[in-house]
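Below is protein.txt, holding compact mmCIF, N, CA and C atoms.
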# COMPACT_ATOMS: atom_id res chain seq x y z
N MET Y 218 78.31 103.41 118.89
CA MET Y 218 78.98 103.69 117.64
C MET Y 218 79.78 104.99 117.78
N SER Y 219 80.99 104.99 117.30
CA SER Y 219 81.83 106.18 117.40
C SER Y 219 81.51 107.15 116.27
N ALA Y 220 81.91 108.39 116.47
CA ALA Y 220 81.69 109.43 115.47
C ALA Y 220 82.53 109.14 114.23
N PRO Y 221 82.03 109.51 113.07
CA PRO Y 221 82.80 109.31 111.83
C PRO Y 221 84.12 110.09 111.89
N THR Y 222 85.13 109.54 111.24
CA THR Y 222 86.43 110.19 111.13
C THR Y 222 86.45 111.07 109.90
N GLY Y 223 86.83 112.32 110.05
CA GLY Y 223 86.98 113.23 108.91
C GLY Y 223 88.33 113.01 108.25
N ILE Y 224 88.47 113.52 107.04
CA ILE Y 224 89.71 113.32 106.27
C ILE Y 224 90.92 113.96 106.96
N ASP Y 225 90.74 115.12 107.58
CA ASP Y 225 91.88 115.75 108.25
C ASP Y 225 92.39 114.89 109.40
N GLU Y 226 91.46 114.32 110.17
CA GLU Y 226 91.86 113.44 111.27
C GLU Y 226 92.51 112.16 110.74
N LEU Y 227 91.96 111.62 109.67
CA LEU Y 227 92.52 110.42 109.07
C LEU Y 227 93.94 110.68 108.57
N LEU Y 228 94.16 111.79 107.89
CA LEU Y 228 95.51 112.13 107.43
C LEU Y 228 96.48 112.25 108.60
N GLU Y 229 96.03 112.92 109.66
CA GLU Y 229 96.89 113.07 110.84
C GLU Y 229 97.25 111.71 111.42
N ARG Y 230 96.29 110.82 111.48
CA ARG Y 230 96.52 109.48 112.02
C ARG Y 230 97.50 108.68 111.17
N VAL Y 231 97.29 108.64 109.87
CA VAL Y 231 98.18 107.82 109.04
C VAL Y 231 99.58 108.42 108.95
N ARG Y 232 99.68 109.74 108.95
CA ARG Y 232 101.00 110.38 108.88
C ARG Y 232 101.80 110.18 110.16
N ALA Y 233 101.13 109.90 111.26
CA ALA Y 233 101.83 109.64 112.52
C ALA Y 233 102.55 108.29 112.48
N GLY Y 234 102.22 107.45 111.49
CA GLY Y 234 102.81 106.12 111.40
C GLY Y 234 104.11 106.04 110.63
N TYR Y 235 104.57 107.16 110.08
CA TYR Y 235 105.83 107.17 109.34
C TYR Y 235 106.36 108.59 109.25
N THR Y 236 107.59 108.73 108.81
CA THR Y 236 108.20 110.04 108.66
C THR Y 236 108.10 110.48 107.21
N ARG Y 237 107.45 111.59 106.97
CA ARG Y 237 107.32 112.13 105.61
C ARG Y 237 108.63 112.80 105.22
N LEU Y 238 108.88 112.89 103.94
CA LEU Y 238 110.09 113.52 103.44
C LEU Y 238 109.77 114.84 102.75
N GLY Y 239 110.63 115.81 102.94
CA GLY Y 239 110.56 117.06 102.19
C GLY Y 239 111.20 116.83 100.82
N PRO Y 240 111.11 117.82 99.94
CA PRO Y 240 111.64 117.65 98.58
C PRO Y 240 113.13 117.27 98.53
N ARG Y 241 113.97 117.97 99.27
CA ARG Y 241 115.41 117.67 99.26
C ARG Y 241 115.69 116.28 99.83
N GLU Y 242 114.98 115.93 100.90
CA GLU Y 242 115.15 114.60 101.50
C GLU Y 242 114.73 113.51 100.53
N ALA Y 243 113.65 113.75 99.81
CA ALA Y 243 113.17 112.77 98.83
C ALA Y 243 114.17 112.64 97.68
N TYR Y 244 114.73 113.76 97.27
CA TYR Y 244 115.74 113.74 96.20
C TYR Y 244 116.95 112.93 96.64
N GLU Y 245 117.43 113.19 97.84
CA GLU Y 245 118.59 112.45 98.36
C GLU Y 245 118.26 110.97 98.54
N ALA Y 246 117.06 110.67 99.01
CA ALA Y 246 116.65 109.27 99.16
C ALA Y 246 116.64 108.56 97.81
N SER Y 247 116.16 109.24 96.78
CA SER Y 247 116.14 108.62 95.45
C SER Y 247 117.55 108.39 94.93
N ARG Y 248 118.44 109.30 95.23
CA ARG Y 248 119.84 109.12 94.82
C ARG Y 248 120.50 107.97 95.56
N ALA Y 249 119.96 107.64 96.76
CA ALA Y 249 120.50 106.54 97.56
C ALA Y 249 119.76 105.22 97.30
N GLY Y 250 118.85 105.23 96.32
CA GLY Y 250 118.19 103.98 95.94
C GLY Y 250 116.71 103.87 96.22
N ALA Y 251 116.11 104.87 96.85
CA ALA Y 251 114.67 104.84 97.09
C ALA Y 251 113.94 104.95 95.75
N LEU Y 252 112.78 104.35 95.70
CA LEU Y 252 111.94 104.39 94.51
C LEU Y 252 110.91 105.50 94.65
N LEU Y 253 110.99 106.51 93.79
CA LEU Y 253 109.97 107.55 93.74
C LEU Y 253 108.84 107.03 92.87
N VAL Y 254 107.62 107.13 93.36
CA VAL Y 254 106.45 106.64 92.63
C VAL Y 254 105.46 107.79 92.46
N ASP Y 255 105.28 108.20 91.22
CA ASP Y 255 104.39 109.30 90.88
C ASP Y 255 102.99 108.76 90.62
N ILE Y 256 102.04 109.11 91.50
CA ILE Y 256 100.67 108.62 91.36
C ILE Y 256 99.73 109.67 90.77
N ARG Y 257 100.26 110.77 90.29
CA ARG Y 257 99.40 111.81 89.71
C ARG Y 257 98.73 111.31 88.44
N TYR Y 258 97.54 111.81 88.18
CA TYR Y 258 96.88 111.38 86.96
C TYR Y 258 97.49 112.07 85.75
N GLN Y 259 97.25 111.50 84.60
CA GLN Y 259 97.92 111.87 83.36
C GLN Y 259 97.84 113.37 83.05
N ALA Y 260 96.69 113.98 83.24
CA ALA Y 260 96.54 115.40 82.91
C ALA Y 260 97.52 116.26 83.70
N LEU Y 261 97.77 115.93 84.95
CA LEU Y 261 98.73 116.69 85.76
C LEU Y 261 100.16 116.44 85.29
N ARG Y 262 100.46 115.21 84.93
CA ARG Y 262 101.81 114.91 84.42
C ARG Y 262 102.04 115.66 83.11
N GLU Y 263 101.04 115.70 82.26
CA GLU Y 263 101.16 116.41 80.99
C GLU Y 263 101.27 117.91 81.20
N ARG Y 264 100.58 118.42 82.21
CA ARG Y 264 100.61 119.86 82.49
C ARG Y 264 101.93 120.30 83.11
N ASP Y 265 102.42 119.52 84.11
CA ASP Y 265 103.55 119.97 84.92
C ASP Y 265 104.87 119.27 84.67
N GLY Y 266 104.86 118.14 83.99
CA GLY Y 266 106.09 117.40 83.75
C GLY Y 266 106.26 116.23 84.70
N LEU Y 267 107.43 115.63 84.64
CA LEU Y 267 107.74 114.42 85.40
C LEU Y 267 109.02 114.59 86.20
N ILE Y 268 109.13 113.82 87.25
CA ILE Y 268 110.39 113.72 87.99
C ILE Y 268 111.21 112.65 87.29
N PRO Y 269 112.39 113.00 86.78
CA PRO Y 269 113.20 112.00 86.08
C PRO Y 269 113.48 110.78 86.97
N GLY Y 270 113.27 109.60 86.41
CA GLY Y 270 113.53 108.36 87.12
C GLY Y 270 112.39 107.86 87.99
N ALA Y 271 111.35 108.67 88.17
CA ALA Y 271 110.21 108.22 88.99
C ALA Y 271 109.40 107.18 88.22
N LEU Y 272 108.91 106.20 88.94
CA LEU Y 272 108.02 105.20 88.36
C LEU Y 272 106.61 105.80 88.37
N VAL Y 273 105.98 105.85 87.21
CA VAL Y 273 104.62 106.37 87.12
C VAL Y 273 103.64 105.21 87.28
N VAL Y 274 102.81 105.30 88.32
CA VAL Y 274 101.79 104.29 88.59
C VAL Y 274 100.54 105.06 89.02
N GLU Y 275 99.50 104.97 88.23
CA GLU Y 275 98.27 105.67 88.59
C GLU Y 275 97.79 105.14 89.95
N ARG Y 276 97.17 106.00 90.72
CA ARG Y 276 96.78 105.65 92.09
C ARG Y 276 95.94 104.37 92.17
N ASN Y 277 95.05 104.17 91.23
CA ASN Y 277 94.17 102.99 91.31
C ASN Y 277 94.90 101.68 91.03
N GLU Y 278 96.16 101.73 90.62
CA GLU Y 278 96.95 100.53 90.37
C GLU Y 278 98.08 100.34 91.37
N LEU Y 279 98.24 101.28 92.27
CA LEU Y 279 99.43 101.31 93.13
C LEU Y 279 99.68 100.01 93.89
N GLU Y 280 98.70 99.52 94.62
CA GLU Y 280 98.91 98.33 95.44
C GLU Y 280 99.24 97.12 94.58
N TRP Y 281 98.61 96.99 93.44
CA TRP Y 281 98.88 95.84 92.56
C TRP Y 281 100.28 95.91 91.97
N ARG Y 282 100.76 97.10 91.67
CA ARG Y 282 102.08 97.26 91.05
C ARG Y 282 103.23 97.20 92.05
N LEU Y 283 102.96 97.54 93.33
CA LEU Y 283 104.05 97.58 94.30
C LEU Y 283 104.06 96.44 95.31
N ASP Y 284 103.07 95.59 95.31
CA ASP Y 284 103.06 94.44 96.20
C ASP Y 284 104.13 93.45 95.72
N PRO Y 285 105.21 93.26 96.49
CA PRO Y 285 106.27 92.35 96.07
C PRO Y 285 105.80 90.92 95.84
N GLN Y 286 104.66 90.56 96.41
CA GLN Y 286 104.11 89.21 96.23
C GLN Y 286 103.04 89.15 95.15
N GLY Y 287 102.71 90.29 94.58
CA GLY Y 287 101.61 90.35 93.63
C GLY Y 287 101.95 89.85 92.24
N SER Y 288 100.96 89.32 91.59
CA SER Y 288 101.15 88.80 90.23
C SER Y 288 101.27 89.91 89.19
N HIS Y 289 100.90 91.14 89.53
CA HIS Y 289 100.97 92.26 88.59
C HIS Y 289 102.01 93.31 89.01
N ARG Y 290 102.94 92.89 89.84
CA ARG Y 290 103.91 93.85 90.38
C ARG Y 290 104.85 94.38 89.29
N ALA Y 291 105.31 95.58 89.52
CA ALA Y 291 106.34 96.19 88.67
C ALA Y 291 107.67 95.54 88.99
N ALA Y 292 108.56 95.52 88.05
CA ALA Y 292 109.89 94.93 88.26
C ALA Y 292 110.61 95.58 89.44
N GLU Y 293 110.33 96.86 89.68
CA GLU Y 293 110.98 97.59 90.76
C GLU Y 293 110.52 97.14 92.14
N ALA Y 294 109.39 96.47 92.22
CA ALA Y 294 108.84 96.02 93.51
C ALA Y 294 109.53 94.74 93.94
N ALA Y 295 110.80 94.88 94.29
CA ALA Y 295 111.66 93.72 94.53
C ALA Y 295 111.53 93.10 95.91
N GLY Y 296 111.00 93.82 96.88
CA GLY Y 296 110.89 93.26 98.22
C GLY Y 296 110.25 94.24 99.18
N HIS Y 297 109.90 93.72 100.35
CA HIS Y 297 109.22 94.53 101.35
C HIS Y 297 110.12 95.56 102.01
N ASP Y 298 111.42 95.44 101.84
CA ASP Y 298 112.36 96.39 102.45
C ASP Y 298 112.64 97.60 101.56
N LEU Y 299 112.05 97.63 100.38
CA LEU Y 299 112.24 98.73 99.44
C LEU Y 299 111.74 100.03 100.05
N GLN Y 300 112.54 101.07 99.96
CA GLN Y 300 112.06 102.39 100.38
C GLN Y 300 111.30 103.00 99.22
N VAL Y 301 110.04 103.31 99.45
CA VAL Y 301 109.17 103.90 98.43
C VAL Y 301 108.77 105.29 98.91
N VAL Y 302 108.88 106.28 98.01
CA VAL Y 302 108.42 107.63 98.29
C VAL Y 302 107.31 107.93 97.30
N VAL Y 303 106.09 108.02 97.80
CA VAL Y 303 104.93 108.26 96.94
C VAL Y 303 104.78 109.76 96.72
N VAL Y 304 104.52 110.12 95.46
CA VAL Y 304 104.39 111.52 95.07
C VAL Y 304 103.03 111.74 94.41
N CYS Y 305 102.25 112.64 94.98
CA CYS Y 305 101.01 113.07 94.32
C CYS Y 305 101.21 114.54 93.96
N ASP Y 306 100.16 115.27 93.69
CA ASP Y 306 100.33 116.65 93.27
C ASP Y 306 100.69 117.58 94.43
N GLU Y 307 99.98 117.46 95.57
CA GLU Y 307 100.22 118.39 96.67
C GLU Y 307 100.49 117.72 98.02
N GLY Y 308 100.56 116.38 98.05
CA GLY Y 308 100.93 115.70 99.28
C GLY Y 308 99.79 115.24 100.16
N TYR Y 309 98.61 115.07 99.60
CA TYR Y 309 97.48 114.57 100.38
C TYR Y 309 97.17 113.12 100.03
N ALA Y 310 96.86 112.85 98.78
CA ALA Y 310 96.56 111.48 98.34
C ALA Y 310 97.75 110.56 98.58
N SER Y 311 98.95 111.09 98.49
CA SER Y 311 100.14 110.27 98.68
C SER Y 311 100.25 109.75 100.11
N SER Y 312 99.73 110.49 101.08
CA SER Y 312 99.75 110.03 102.47
C SER Y 312 98.88 108.80 102.64
N LEU Y 313 97.69 108.83 102.06
CA LEU Y 313 96.81 107.66 102.14
C LEU Y 313 97.40 106.50 101.37
N ALA Y 314 98.07 106.78 100.25
CA ALA Y 314 98.70 105.73 99.46
C ALA Y 314 99.85 105.09 100.24
N ALA Y 315 100.66 105.90 100.92
CA ALA Y 315 101.77 105.36 101.72
C ALA Y 315 101.23 104.46 102.84
N ALA Y 316 100.14 104.87 103.46
CA ALA Y 316 99.54 104.05 104.52
C ALA Y 316 99.07 102.71 103.95
N SER Y 317 98.53 102.72 102.75
CA SER Y 317 98.09 101.49 102.10
C SER Y 317 99.28 100.57 101.82
N LEU Y 318 100.41 101.15 101.42
CA LEU Y 318 101.61 100.35 101.17
C LEU Y 318 102.13 99.75 102.47
N HIS Y 319 102.03 100.50 103.57
CA HIS Y 319 102.41 99.95 104.88
C HIS Y 319 101.57 98.72 105.19
N ALA Y 320 100.28 98.78 104.88
CA ALA Y 320 99.39 97.64 105.13
C ALA Y 320 99.80 96.41 104.33
N LEU Y 321 100.50 96.62 103.20
CA LEU Y 321 101.00 95.51 102.38
C LEU Y 321 102.36 95.02 102.85
N GLY Y 322 102.90 95.63 103.91
CA GLY Y 322 104.19 95.21 104.43
C GLY Y 322 105.37 96.01 103.94
N LEU Y 323 105.14 97.04 103.15
CA LEU Y 323 106.23 97.91 102.69
C LEU Y 323 106.50 98.94 103.79
N HIS Y 324 107.20 98.50 104.82
CA HIS Y 324 107.37 99.25 106.06
C HIS Y 324 108.19 100.52 105.90
N ARG Y 325 108.90 100.68 104.79
CA ARG Y 325 109.70 101.89 104.57
C ARG Y 325 109.00 102.88 103.64
N ALA Y 326 107.74 102.62 103.32
CA ALA Y 326 106.99 103.53 102.45
C ALA Y 326 106.73 104.85 103.16
N THR Y 327 106.82 105.92 102.40
CA THR Y 327 106.55 107.27 102.90
C THR Y 327 106.01 108.09 101.74
N ASP Y 328 105.84 109.38 101.97
CA ASP Y 328 105.41 110.24 100.88
C ASP Y 328 106.14 111.57 100.92
N LEU Y 329 106.00 112.29 99.83
CA LEU Y 329 106.64 113.59 99.67
C LEU Y 329 105.71 114.67 100.20
N SER Y 330 106.11 115.32 101.27
CA SER Y 330 105.35 116.41 101.84
C SER Y 330 105.26 117.55 100.82
N GLY Y 331 104.03 117.96 100.51
CA GLY Y 331 103.84 119.02 99.52
C GLY Y 331 103.76 118.51 98.10
N GLY Y 332 104.02 117.22 97.90
CA GLY Y 332 103.88 116.59 96.60
C GLY Y 332 104.79 117.15 95.51
N PHE Y 333 104.39 116.88 94.28
CA PHE Y 333 105.15 117.32 93.11
C PHE Y 333 105.35 118.83 93.13
N GLN Y 334 104.34 119.56 93.57
CA GLN Y 334 104.45 121.02 93.57
C GLN Y 334 105.59 121.50 94.46
N SER Y 335 105.82 120.84 95.60
CA SER Y 335 106.94 121.24 96.47
C SER Y 335 108.28 120.85 95.84
N TRP Y 336 108.31 119.72 95.14
CA TRP Y 336 109.52 119.29 94.43
C TRP Y 336 109.91 120.34 93.40
N LYS Y 337 108.93 120.72 92.60
CA LYS Y 337 109.16 121.70 91.54
C LYS Y 337 109.56 123.06 92.12
N ALA Y 338 108.88 123.50 93.18
CA ALA Y 338 109.19 124.77 93.82
C ALA Y 338 110.59 124.79 94.42
N ALA Y 339 111.09 123.62 94.81
CA ALA Y 339 112.45 123.52 95.38
C ALA Y 339 113.53 123.56 94.30
N GLY Y 340 113.11 123.60 93.04
CA GLY Y 340 114.08 123.66 91.94
C GLY Y 340 114.72 122.33 91.62
N LEU Y 341 114.10 121.24 92.04
CA LEU Y 341 114.65 119.91 91.76
C LEU Y 341 114.32 119.50 90.33
N PRO Y 342 115.04 118.51 89.79
CA PRO Y 342 114.88 118.16 88.37
C PRO Y 342 113.45 117.77 87.99
N VAL Y 343 113.00 118.34 86.89
CA VAL Y 343 111.70 118.05 86.31
C VAL Y 343 111.88 117.98 84.81
N THR Y 344 111.33 116.93 84.21
CA THR Y 344 111.31 116.82 82.75
C THR Y 344 110.10 117.58 82.26
N ALA Y 345 110.32 118.50 81.35
CA ALA Y 345 109.22 119.32 80.83
C ALA Y 345 108.16 118.47 80.15
N PRO Y 346 106.90 118.90 80.26
CA PRO Y 346 105.83 118.14 79.59
C PRO Y 346 105.96 118.20 78.07

Can you turn what I pasted into structure tokens?
Amino acid sequence: MSAPTGIDELLERVRAGYTRLGPREAYEASRAGALLVDIRYQALRERDGLIPGALVVERNELEWRLDPQGSHRAAEAAGHDLQVVVVCDEGYASSLAAASLHALGLHRATDLSGGFQSWKAAGLPVTAP
């Protein structure tokens, strides 16, 4: 039996499978048609605000809402070629979420390095809470 994998090693492994985006890159990707998906829980959205145009999907619903073949998919989940940029608060949970989307065939899924906090710190658009 192999030794258990710690979260830091797991994050390193899943992040090696795709290219993460910084705040400016994510902003430009969204302007070019990528779907920003905010998975932060409600209290954080109420505290810090929202990224205009981002689809809000709580983390526990993400796979059901973004699976293009799923019966509960969001209208935005139009196909497996969709570029999805997952946004959490600081860029940790979003990495695991992006890996899960890859497992569903969303091969262009990625996440925002540093999460919402890096977006806000970069001075990018935020709708006040």

Taking into account only C-alpha atoms, which residue in the set Y:Asp265, Y:Glu280, Y:Asp255, Y:Glu226 is nearest to Gly322 (chain Y)? Y:Glu280

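One distance worth recording is that between atom N of Ala315 (chain Y) and CA of Val301 (chain Y), which is 9.1 Å.
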
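Proximity of Y:Ala220, Y:Ala310, Y:Ile256, Y:Leu323 to Ala295 (chain Y), computed with only C-alpha atoms, is greatest for Y:Leu323.
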
Return the single residue from Y:Ala338, Y:Arg230, Y:Leu252, Y:Ala320 that is closest to Glu293 (chain Y), with distances computed using all atoms listed in the file. Y:Leu252

Could you give me, as an MDAnalysis selection string, the residues within 6.5 Å of Tyr258 (chain Y), counting all atoms listed in the file and dropping anything in the same chain fewer than 4 positions from it? chainID Y and resid 262:263 275:276

Using N, CA and C atoms, can you write the selected residues to a file as an mmCIF file, keeping the file's coordinate frame?
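Result saved to result13.cif:
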data_model
loop_
_atom_site.group_PDB
_atom_site.id
_atom_site.type_symbol
_atom_site.label_atom_id
_atom_site.label_comp_id
_atom_site.auth_asym_id
_atom_site.auth_seq_id
_atom_site.Cartn_x
_atom_site.Cartn_y
_atom_site.Cartn_z
ATOM 1 N N ARG Y 262 100.460 115.210 84.930
ATOM 2 C CA ARG Y 262 101.810 114.910 84.420
ATOM 3 C C ARG Y 262 102.040 115.660 83.110
ATOM 4 N N GLU Y 263 101.040 115.700 82.260
ATOM 5 C CA GLU Y 263 101.160 116.410 80.990
ATOM 6 C C GLU Y 263 101.270 117.910 81.200
ATOM 7 N N GLU Y 275 99.500 104.970 88.230
ATOM 8 C CA GLU Y 275 98.270 105.670 88.590
ATOM 9 C C GLU Y 275 97.790 105.140 89.950
ATOM 10 N N ARG Y 276 97.170 106.000 90.720
ATOM 11 C CA ARG Y 276 96.780 105.650 92.090
ATOM 12 C C ARG Y 276 95.940 104.370 92.170
#

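Distance check against His324 (chain Y) using only C-alpha atoms: of Y:Gln300, Y:Val231, Y:Ser311, Y:Asp306, the minimum falls on Y:Gln300.
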
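Comparing the minimum interatomic distances between Tyr309 (chain Y) and each of Y:His289, Y:Ala260, Y:His297, Y:Gly331, counting only N, CA and C atoms, we find that Y:Gly331 sits nearest.
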
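Here CA of Val303 (chain Y) stands at a distance of 13.0 Å from atom N of Arg282 (chain Y).
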
Return as a PyMOL selection string the full set of residues in region 251-296 of chain Y whose backbone-based DSSP assignment is strand (DSSP E). chain Y and resi 252-255+272-273

Just-selected residues, N, CA and C atoms written as a PDB file, in the frame of the given file:
ATOM      1  N   LEU Y 252     112.780 104.350  95.700  1.00  0.00           N
ATOM      2  CA  LEU Y 252     111.940 104.390  94.510  1.00  0.00           C
ATOM      3  C   LEU Y 252     110.910 105.500  94.650  1.00  0.00           C
ATOM      4  N   LEU Y 253     110.990 106.510  93.790  1.00  0.00           N
ATOM      5  CA  LEU Y 253     109.970 107.550  93.740  1.00  0.00           C
ATOM      6  C   LEU Y 253     108.840 107.030  92.870  1.00  0.00           C
ATOM      7  N   VAL Y 254     107.620 107.130  93.360  1.00  0.00           N
ATOM      8  CA  VAL Y 254     106.450 106.640  92.630  1.00  0.00           C
ATOM      9  C   VAL Y 254     105.460 107.790  92.460  1.00  0.00           C
ATOM     10  N   ASP Y 255     105.280 108.200  91.220  1.00  0.00           N
ATOM     11  CA  ASP Y 255     104.390 109.300  90.880  1.00  0.00           C
ATOM     12  C   ASP Y 255     102.990 108.760  90.620  1.00  0.00           C
ATOM     13  N   LEU Y 272     108.910 106.200  88.940  1.00  0.00           N
ATOM     14  CA  LEU Y 272     108.020 105.200  88.360  1.00  0.00           C
ATOM     15  C   LEU Y 272     106.610 105.800  88.370  1.00  0.00           C
ATOM     16  N   VAL Y 273     105.980 105.850  87.210  1.00  0.00           N
ATOM     17  CA  VAL Y 273     104.620 106.370  87.120  1.00  0.00           C
ATOM     18  C   VAL Y 273     103.640 105.210  87.280  1.00  0.00           C
TER      19      VAL Y 273
END

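The nearest approach to Ala316 (chain Y) among the residues Y:Gly234, Y:Gly270, Y:Gly223, Y:Pro240, with all atoms listed in the file taken into account, belongs to Y:Gly234.
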
Please list as a list in words every residue within 9 Å of Ser330 (chain Y), counting only C-alpha atoms and excluding residues in the same chain fewer than 2 positions away. Arg237, Leu238, Gly239, Pro240, Val304, Glu307, Gly308, Tyr309, Ser311, Ser312, Asp328, Gly332, Phe333, Ser335 and Trp336 of chain Y

Just give me the gap between atom C of Arg325 (chain Y) and CA of Tyr235 (chain Y) in Å, one decimal is fine. 7.8 Å

If you count all atoms listed in the file, which residues fall within 6.5 Å of Ala251 (chain Y), apart from same-chain ones fewer than 3 positions away, as a list in words? Ala246, Ser247, Arg248, Leu299, Gln300, Val301 and Val302 of chain Y

Based on the backbone DSSP call, show me all residues of region 230-342 of chain Y assigned alpha helix (DSSP H), as a VMD selection string. chain Y and resid 230 to 232 240 to 248 259 to 265 279 to 283 310 to 320 332 to 338

List the spatial neighbours of Ala294 (chain Y) as a VMD selection string - criterion: any atom at most 7 Å away, all atoms listed in the file, same-chain residues fewer than 3 positions off excluded. chain Y and resid 282 to 286 290 to 291 297

Name the residues in contact with Pro342 (chain Y) at a cut-off of 7 Å, using only N, CA and C atoms, excluding same-chain residues fewer than 2 positions from it; report them as number ranges by chain. Y: 267-269, 336-337, 339-340, 344
